[in-house]
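Working notes for the structure below.
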Amino acid sequence: MLLKPHRFFLASGLLLMLLAAAPLGVRAQRASKPGAAKSVGVSYWLTTADKTVLFQFQAGALQFATGTNANPTIEIDEAKTYQTIDGFGYCLTGGSAQLLHQMAPAERAKLLRELFGTDGRNIGVSYLRLSIGASDLDDRVFSYDDLPAGQTDPTLAHFSLAPDQPHLLPVLKEILAINPKLKILGSPWSPPTWMKTNGESKGGSLKPEFYDAYARYFVRYIEGMKAAGVRIDAITVQNEPLHPGNNPSLLMPAGEQAAFIGKSLGPAFRQAKLDTKIICYDHNADKPEYPLTVLNDETAAFYVDGSAFHLYAGPIEALSKVHDAHPEKNVYFTEQWVGSKSKFDENLRWHTKTLIIGATRNWARTVLEWNLAADPQQNPHTPGGCTECLGAITLAGNTVTRNEAYYIIAHASKFVRPSSVRIASTLPDKLPNVAFRTPTGQRVLVVLNDGTATQAFNIRQGGRQVAAMLPAGAVGTYTW
């Protein structure tokens, strides 16, 4: 059909207006000739060791192109896949929740949106770890069934989540309103003291006669949190079971943990029809024989989803040792602190290289920093608790200071969304990195320049590459 002249110009103008309004990538695709190569842009966010750039989007997308150069190259192979990612985040201690809840409502809402939202500059935290009862970063020691000395409560008639109601639960509800799909891990520092051999919050072991009561304690916790609107995706059996010197704490050797899971905790979860995962160990990578003891116990292993690690001792590669021995079980990285007297540049480099990159390259489904928030004096904490644990954020009333762990986690959490899959990437010298494919098909590459000078490098996939550059000690997240 022929158009009359005025209709032709009207149609042409409308087409030009539509093309002008379309996103640049769409205009390029429509304007290209059939069979022409399409330009692929790579966006990236940057944090530098000198803090002049702190998790900032870099304007002007890099472009994939053909050709080669002499710079080191990170080769991406998404045909080779590894573990699925559950999320990146922090430990929401009772003290963190208390400080957040004491903020003005509008300021708290703004900060929580920044932490748990994914749009704009928000960093998209997708996983939190809670303490079951008090951790050492609560303002006091408590359990959910505290009794006077000499009394016991094997039926848990006095069990109550009341200690979490003033601060933790209100903050969690605000967080879940922002991200209802957030996954939550619960970890106990100590059972109620009446269940322990020494009758104290610090140290001691779980009395065998209270194995069943303690298993029901976990069940009551999970069911109580669910009734309060909080789903617990997983629990670890004991935080740092080989460190009875914290307050609170518990000594639980591997054989005892296997017996507790196999005889009491697993059957209790099954009877209550809970789908909450049971994760063993939750301590340093220097003792891989601990989770292997539990996983080699057929009765316990039947109920165990996997094992969790910290890295205050041992090599991160120990996670792969456990995975390789039991590839059917999952691996999690659940805690690492940043010291208040340490240096930003050193922390950015070590935590990114060893945890964001190292833990995930060794099969971890989570990477969690300890802890989310503290005040300027690293309070609150229990008597004998950590006095130098720097929060990801420092809260002085409504004043927010963002610290190392904020940026370290942000470089992964915003982009590597839950259900992303790690994919293969090569490791040129001084350029540790890790790559993922997200559920929407986006590729994400986190790179650290571990050298002492600015480094130019390439990212190559499918025969094409993009040229990039990072200052010494800087972290870049690249997406395409």
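If you're wondering about the labels, chains in the structure tokens are A, B, ... by order shown, residues count from 1 in each chain, ligands from 1 in order shown.
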
Leaving out range 165-180 of chain A and any residue of its chain fewer than 6 positions from it, which residues lie within 9 Å of it when counting only C-alpha atoms, given as a ChimeraX atom specification? /A:92-102,109,112-113,115-117,124-126,225,228-230

Non-local contacts of range 134-144 of chain A (7 Å; only C-alpha atoms; under 5 positions in same chain excluded) as an mmCIF file with N, CA, C and O atoms, in the first residue's frame:
```cif
data_model
loop_
_atom_site.group_PDB
_atom_site.id
_atom_site.type_symbol
_atom_site.label_atom_id
_atom_site.label_comp_id
_atom_site.auth_asym_id
_atom_site.auth_seq_id
_atom_site.Cartn_x
_atom_site.Cartn_y
_atom_site.Cartn_z
ATOM 1 N N THR A 93 23.426 -9.067 64.617
ATOM 2 C CA THR A 93 23.493 -9.354 66.048
ATOM 3 C C THR A 93 22.381 -8.602 66.778
ATOM 4 O O THR A 93 21.790 -7.644 66.257
ATOM 5 N N GLY A 94 22.121 -9.034 68.018
ATOM 6 C CA GLY A 94 21.152 -8.307 68.825
ATOM 7 C C GLY A 94 21.562 -6.863 69.032
ATOM 8 O O GLY A 94 20.722 -5.953 69.046
ATOM 9 N N GLY A 95 22.870 -6.635 69.183
ATOM 10 C CA GLY A 95 23.357 -5.267 69.327
ATOM 11 C C GLY A 95 23.128 -4.445 68.074
ATOM 12 O O GLY A 95 22.777 -3.253 68.156
ATOM 13 N N PHE A 159 9.806 -21.480 77.857
ATOM 14 C CA PHE A 159 10.424 -20.978 76.620
ATOM 15 C C PHE A 159 9.689 -19.729 76.127
ATOM 16 O O PHE A 159 8.459 -19.697 76.077
ATOM 17 N N SER A 160 10.463 -18.705 75.733
ATOM 18 C CA SER A 160 9.863 -17.474 75.228
ATOM 19 C C SER A 160 10.855 -16.714 74.366
ATOM 20 O O SER A 160 12.043 -16.599 74.712
ATOM 21 N N LEU A 161 10.371 -16.155 73.255
ATOM 22 C CA LEU A 161 11.179 -15.284 72.405
ATOM 23 C C LEU A 161 11.122 -13.830 72.850
ATOM 24 O O LEU A 161 11.522 -12.933 72.097
ATOM 25 N N TRP A 189 24.901 -19.449 70.441
ATOM 26 C CA TRP A 189 26.198 -19.337 71.113
ATOM 27 C C TRP A 189 26.235 -20.239 72.348
ATOM 28 O O TRP A 189 27.285 -20.708 72.746
ATOM 29 N N PRO A 191 23.348 -23.037 74.800
ATOM 30 C CA PRO A 191 22.018 -23.441 75.275
ATOM 31 C C PRO A 191 21.715 -22.719 76.587
ATOM 32 O O PRO A 191 22.588 -22.060 77.177
ATOM 33 N N PRO A 192 20.503 -22.856 77.105
ATOM 34 C CA PRO A 192 20.238 -22.388 78.467
ATOM 35 C C PRO A 192 21.226 -23.028 79.442
ATOM 36 O O PRO A 192 21.614 -24.190 79.284
ATOM 37 N N ASN A 247 31.799 -15.425 75.616
ATOM 38 C CA ASN A 247 30.655 -15.310 76.522
ATOM 39 C C ASN A 247 29.466 -14.728 75.766
ATOM 40 O O ASN A 247 29.481 -13.560 75.425
ATOM 41 N N PRO A 248 28.456 -15.580 75.456
ATOM 42 C CA PRO A 248 28.292 -16.997 75.796
ATOM 43 C C PRO A 248 29.033 -17.923 74.832
ATOM 44 O O PRO A 248 29.465 -17.490 73.763
ATOM 45 N N PRO A 380 27.102 -2.477 71.350
ATOM 46 C CA PRO A 380 27.173 -3.184 72.629
ATOM 47 C C PRO A 380 27.842 -4.544 72.496
ATOM 48 O O PRO A 380 27.957 -5.080 71.407
ATOM 49 N N HIS A 381 28.264 -5.076 73.641
ATOM 50 C CA HIS A 381 28.764 -6.446 73.713
ATOM 51 C C HIS A 381 28.590 -6.957 75.130
ATOM 52 O O HIS A 381 28.422 -6.177 76.076
ATOM 53 N N THR A 382 28.601 -8.269 75.276
ATOM 54 C CA THR A 382 28.467 -8.872 76.599
ATOM 55 C C THR A 382 29.757 -8.682 77.392
ATOM 56 O O THR A 382 30.812 -8.363 76.817
ATOM 57 N N GLY A 385 32.768 -10.113 75.787
ATOM 58 C CA GLY A 385 32.540 -10.206 74.348
ATOM 59 C C GLY A 385 33.517 -9.351 73.564
ATOM 60 O O GLY A 385 34.362 -8.648 74.137
ATOM 61 N N CYS A 386 33.402 -9.387 72.252
ATOM 62 C CA CYS A 386 34.349 -8.705 71.372
ATOM 63 C C CYS A 386 34.304 -7.189 71.581
ATOM 64 O O CYS A 386 33.239 -6.572 71.489
#
```

As a list in words, list the residues of range 114-288 of chain A assigned to strand (DSSP E) by DSSP on the backbone atoms of this structure.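 Here is the list: Tyr127, Leu128, Arg129, Leu130, Ser131, Ile132, Lys183, Ile184, Leu185, Gly186, Ser187, Pro188, Ala234, Ile235, Thr236, Lys277, Ile278, Ile279, Cys280, Tyr281, Asp282, His283 and Asn284 of chain A.
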
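If you measure from each of A:Ala412, A:Ala65, A:Leu319, A:Val237 to Tyr303 in chain A using only C-alpha atoms, the closest one turns out to be A:Val237.
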
Within range 281-437 of chain A, find each residue whose DSSP state, derived from the backbone, is helix (DSSP H, G or I), and express the selection as a count of residues only. 47

Quick one: residues within 6 Å of Thr47 in chain A, only C-alpha atoms counted, chain neighbours fewer than 3 positions away excluded, as a list in words? Val53, Leu54, Phe55, Ala474 and Val475 of chain A

Residue subset to file, keeping all heavy atoms, as a PDB file, in the first residue's frame:
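Contents of again35.pdb, freshly written:
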```
ATOM      1  N   VAL A  53      37.283   6.461  45.723  1.00  0.00           N
ATOM      2  CA  VAL A  53      36.085   5.947  45.052  1.00  0.00           C
ATOM      3  C   VAL A  53      35.547   4.822  45.910  1.00  0.00           C
ATOM      4  O   VAL A  53      36.257   3.853  46.180  1.00  0.00           O
ATOM      5  CB  VAL A  53      36.400   5.431  43.635  1.00  0.00           C
ATOM      6  CG1 VAL A  53      35.127   4.915  42.971  1.00  0.00           C
ATOM      7  CG2 VAL A  53      37.044   6.512  42.782  1.00  0.00           C
ATOM      8  N   LEU A  54      34.302   4.941  46.345  1.00  0.00           N
ATOM      9  CA  LEU A  54      33.705   3.962  47.245  1.00  0.00           C
ATOM     10  C   LEU A  54      32.418   3.426  46.635  1.00  0.00           C
ATOM     11  O   LEU A  54      31.377   4.093  46.666  1.00  0.00           O
ATOM     12  CB  LEU A  54      33.436   4.589  48.617  1.00  0.00           C
ATOM     13  CG  LEU A  54      34.682   4.953  49.434  1.00  0.00           C
ATOM     14  CD1 LEU A  54      34.295   5.784  50.653  1.00  0.00           C
ATOM     15  CD2 LEU A  54      35.431   3.702  49.854  1.00  0.00           C
ATOM     16  N   PHE A  55      32.508   2.241  46.062  1.00  0.00           N
ATOM     17  CA  PHE A  55      31.375   1.559  45.445  1.00  0.00           C
ATOM     18  C   PHE A  55      30.577   2.529  44.572  1.00  0.00           C
ATOM     19  O   PHE A  55      29.409   2.808  44.817  1.00  0.00           O
ATOM     20  CB  PHE A  55      30.483   0.917  46.496  1.00  0.00           C
ATOM     21  CG  PHE A  55      29.488  -0.053  45.895  1.00  0.00           C
ATOM     22  CD1 PHE A  55      29.914  -1.154  45.164  1.00  0.00           C
ATOM     23  CD2 PHE A  55      28.123   0.123  46.067  1.00  0.00           C
ATOM     24  CE1 PHE A  55      29.003  -2.044  44.613  1.00  0.00           C
ATOM     25  CE2 PHE A  55      27.205  -0.768  45.528  1.00  0.00           C
ATOM     26  CZ  PHE A  55      27.649  -1.852  44.793  1.00  0.00           C
ATOM     27  N   ALA A 474      42.458  -2.069  44.192  1.00  0.00           N
ATOM     28  CA  ALA A 474      41.059  -1.731  43.913  1.00  0.00           C
ATOM     29  C   ALA A 474      40.244  -2.971  43.592  1.00  0.00           C
ATOM     30  O   ALA A 474      40.762  -3.989  43.143  1.00  0.00           O
ATOM     31  CB  ALA A 474      40.974  -0.718  42.768  1.00  0.00           C
ATOM     32  N   VAL A 475      38.923  -2.844  43.802  1.00  0.00           N
ATOM     33  CA  VAL A 475      37.976  -3.909  43.483  1.00  0.00           C
ATOM     34  C   VAL A 475      36.999  -3.376  42.436  1.00  0.00           C
ATOM     35  O   VAL A 475      36.488  -2.263  42.571  1.00  0.00           O
ATOM     36  CB  VAL A 475      37.190  -4.357  44.733  1.00  0.00           C
ATOM     37  CG1 VAL A 475      36.175  -5.446  44.380  1.00  0.00           C
ATOM     38  CG2 VAL A 475      38.146  -4.832  45.811  1.00  0.00           C
TER      39      VAL A 475
END
```

Excluding same-chain residues fewer than 4 positions from range 48-50 of chain A, what lies within 8 Å of it counting only C-alpha atoms, as a ChimeraX atom specification? /A:54,344-345,348-349,471-475

Those residues you just picked out, can you put them in a file as a compact mmCIF listing (two decimals), in the first residue's frame with N, CA, C and O atoms?
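Below you can see out-v8.txt, which holds the result:
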```txt
# COMPACT_ATOMS: atom_id res chain seq x y z
N LEU A 54 34.30 4.94 46.35
CA LEU A 54 33.71 3.96 47.24
C LEU A 54 32.42 3.43 46.64
O LEU A 54 31.38 4.09 46.67
N PHE A 344 41.80 0.12 56.22
CA PHE A 344 40.81 -0.05 55.15
C PHE A 344 41.41 -0.77 53.95
O PHE A 344 40.83 -1.73 53.43
N ASP A 345 42.56 -0.31 53.47
CA ASP A 345 43.13 -0.88 52.24
C ASP A 345 43.48 -2.35 52.42
O ASP A 345 43.25 -3.18 51.53
N LEU A 348 40.09 -4.36 52.63
CA LEU A 348 39.45 -4.47 51.32
C LEU A 348 40.12 -5.54 50.48
O LEU A 348 39.46 -6.38 49.87
N ARG A 349 41.43 -5.54 50.49
CA ARG A 349 42.19 -6.50 49.69
C ARG A 349 42.02 -7.92 50.21
O ARG A 349 41.69 -8.84 49.46
N PRO A 471 43.19 0.31 39.53
CA PRO A 471 44.31 0.78 40.36
C PRO A 471 44.74 -0.31 41.34
O PRO A 471 44.00 -1.24 41.63
N ALA A 472 45.93 -0.19 41.88
CA ALA A 472 46.44 -1.15 42.85
C ALA A 472 45.51 -1.25 44.05
O ALA A 472 45.09 -0.23 44.60
N GLY A 473 45.17 -2.49 44.43
CA GLY A 473 44.33 -2.71 45.60
C GLY A 473 42.86 -2.43 45.39
O GLY A 473 42.08 -2.56 46.33
N ALA A 474 42.46 -2.07 44.19
CA ALA A 474 41.06 -1.73 43.91
C ALA A 474 40.24 -2.97 43.59
O ALA A 474 40.76 -3.99 43.14
N VAL A 475 38.92 -2.84 43.80
CA VAL A 475 37.98 -3.91 43.48
C VAL A 475 37.00 -3.38 42.44
O VAL A 475 36.49 -2.26 42.57
```

Could you tell me how far CA of Glu369 in chain A lies from CA of Ala410 in chain A, in Å and to one decimal? 11.2 Å

Just to confirm, what's the straight-line distance from CA of Thr81 in chain A to CA of Pro428 in chain A in Å (one decimal)?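 Distance between the two atoms: 19.4 Å.
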
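Take the candidates A:Asn198, A:Asn362, A:Thr452, A:Thr477 and check each one against Tyr407 in chain A using only C-alpha atoms; the shortest distance goes to A:Thr477.
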
Contacts of range 326-329 of chain A at 9 Å (only C-alpha atoms; same-chain gap of 2+ positions) as a list of chain:residue names: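 Surrounding residues, per the criterion: A:Leu292, A:Leu295, A:Asn296, A:Ala301, A:Val304, A:Asp305, A:Gly306, A:Ser307, A:Lys321, A:Val322, A:His323, A:Asp324, A:Val331.
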
Can you list, as a PyMOL selection string, every protein, DNA or RNA residue that comes within 9 Å of Gln63 in chain A when you count only C-alpha atoms, leaving out same-chain residues fewer than 5 positions away? chain A and resi 39-42+465-467

Okay, now the selection with all heavy atoms, as a PDB file, in the first residue's frame?
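result-v4.pdb was written with the following content:
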```pdb
ATOM      1  N   SER A  39      27.035  -4.737  19.517  1.00  0.00           N
ATOM      2  CA  SER A  39      27.948  -4.302  20.556  1.00  0.00           C
ATOM      3  C   SER A  39      27.381  -4.653  21.923  1.00  0.00           C
ATOM      4  O   SER A  39      26.204  -4.423  22.187  1.00  0.00           O
ATOM      5  CB  SER A  39      28.165  -2.788  20.451  1.00  0.00           C
ATOM      6  OG  SER A  39      28.995  -2.337  21.489  1.00  0.00           O
ATOM      7  N   VAL A  40      28.203  -5.242  22.782  1.00  0.00           N
ATOM      8  CA  VAL A  40      27.791  -5.626  24.123  1.00  0.00           C
ATOM      9  C   VAL A  40      28.511  -4.740  25.120  1.00  0.00           C
ATOM     10  O   VAL A  40      29.742  -4.702  25.157  1.00  0.00           O
ATOM     11  CB  VAL A  40      28.098  -7.109  24.405  1.00  0.00           C
ATOM     12  CG1 VAL A  40      27.697  -7.467  25.831  1.00  0.00           C
ATOM     13  CG2 VAL A  40      27.376  -7.992  23.401  1.00  0.00           C
ATOM     14  N   GLY A  41      27.745  -4.007  25.946  1.00  0.00           N
ATOM     15  CA  GLY A  41      28.357  -3.119  26.914  1.00  0.00           C
ATOM     16  C   GLY A  41      28.569  -3.800  28.243  1.00  0.00           C
ATOM     17  O   GLY A  41      27.777  -4.635  28.670  1.00  0.00           O
ATOM     18  N   VAL A  42      29.658  -3.441  28.906  1.00  0.00           N
ATOM     19  CA  VAL A  42      29.992  -3.959  30.234  1.00  0.00           C
ATOM     20  C   VAL A  42      29.948  -2.793  31.210  1.00  0.00           C
ATOM     21  O   VAL A  42      30.703  -1.830  31.063  1.00  0.00           O
ATOM     22  CB  VAL A  42      31.382  -4.616  30.243  1.00  0.00           C
ATOM     23  CG1 VAL A  42      31.749  -5.072  31.655  1.00  0.00           C
ATOM     24  CG2 VAL A  42      31.428  -5.787  29.272  1.00  0.00           C
ATOM     25  N   GLN A 465      36.571  -9.743  23.605  1.00  0.00           N
ATOM     26  CA  GLN A 465      37.101  -9.288  24.876  1.00  0.00           C
ATOM     27  C   GLN A 465      36.874  -7.791  25.060  1.00  0.00           C
ATOM     28  O   GLN A 465      36.643  -7.048  24.108  1.00  0.00           O
ATOM     29  CB  GLN A 465      38.591  -9.604  25.000  1.00  0.00           C
ATOM     30  CG  GLN A 465      39.496  -8.841  24.056  1.00  0.00           C
ATOM     31  CD  GLN A 465      40.941  -9.313  24.180  1.00  0.00           C
ATOM     32  OE1 GLN A 465      41.209 -10.475  24.446  1.00  0.00           O
ATOM     33  NE2 GLN A 465      41.876  -8.401  23.986  1.00  0.00           N
ATOM     34  N   VAL A 466      36.920  -7.392  26.334  1.00  0.00           N
ATOM     35  CA  VAL A 466      36.797  -5.987  26.689  1.00  0.00           C
ATOM     36  C   VAL A 466      38.026  -5.598  27.496  1.00  0.00           C
ATOM     37  O   VAL A 466      38.531  -6.386  28.302  1.00  0.00           O
ATOM     38  CB  VAL A 466      35.497  -5.736  27.482  1.00  0.00           C
ATOM     39  CG1 VAL A 466      35.481  -6.516  28.782  1.00  0.00           C
ATOM     40  CG2 VAL A 466      35.290  -4.265  27.749  1.00  0.00           C
ATOM     41  N   ALA A 467      38.544  -4.412  27.257  1.00  0.00           N
ATOM     42  CA  ALA A 467      39.728  -3.921  27.958  1.00  0.00           C
ATOM     43  C   ALA A 467      39.301  -3.175  29.214  1.00  0.00           C
ATOM     44  O   ALA A 467      38.387  -2.339  29.181  1.00  0.00           O
ATOM     45  CB  ALA A 467      40.532  -3.010  27.051  1.00  0.00           C
TER      46      ALA A 467
END
```

What's the separation between CA of Asp146 in chain A and CA of Arg220 in chain A, in Å to one decimal place?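 CA of Arg220 in chain A lies 14.7 Å from CA of Asp146 in chain A.
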
From the list A:Tyr44, A:Tyr406, A:Tyr332, A:Phe436, which residue is nearest Lys80 in chain A when using only C-alpha atoms? A:Phe436
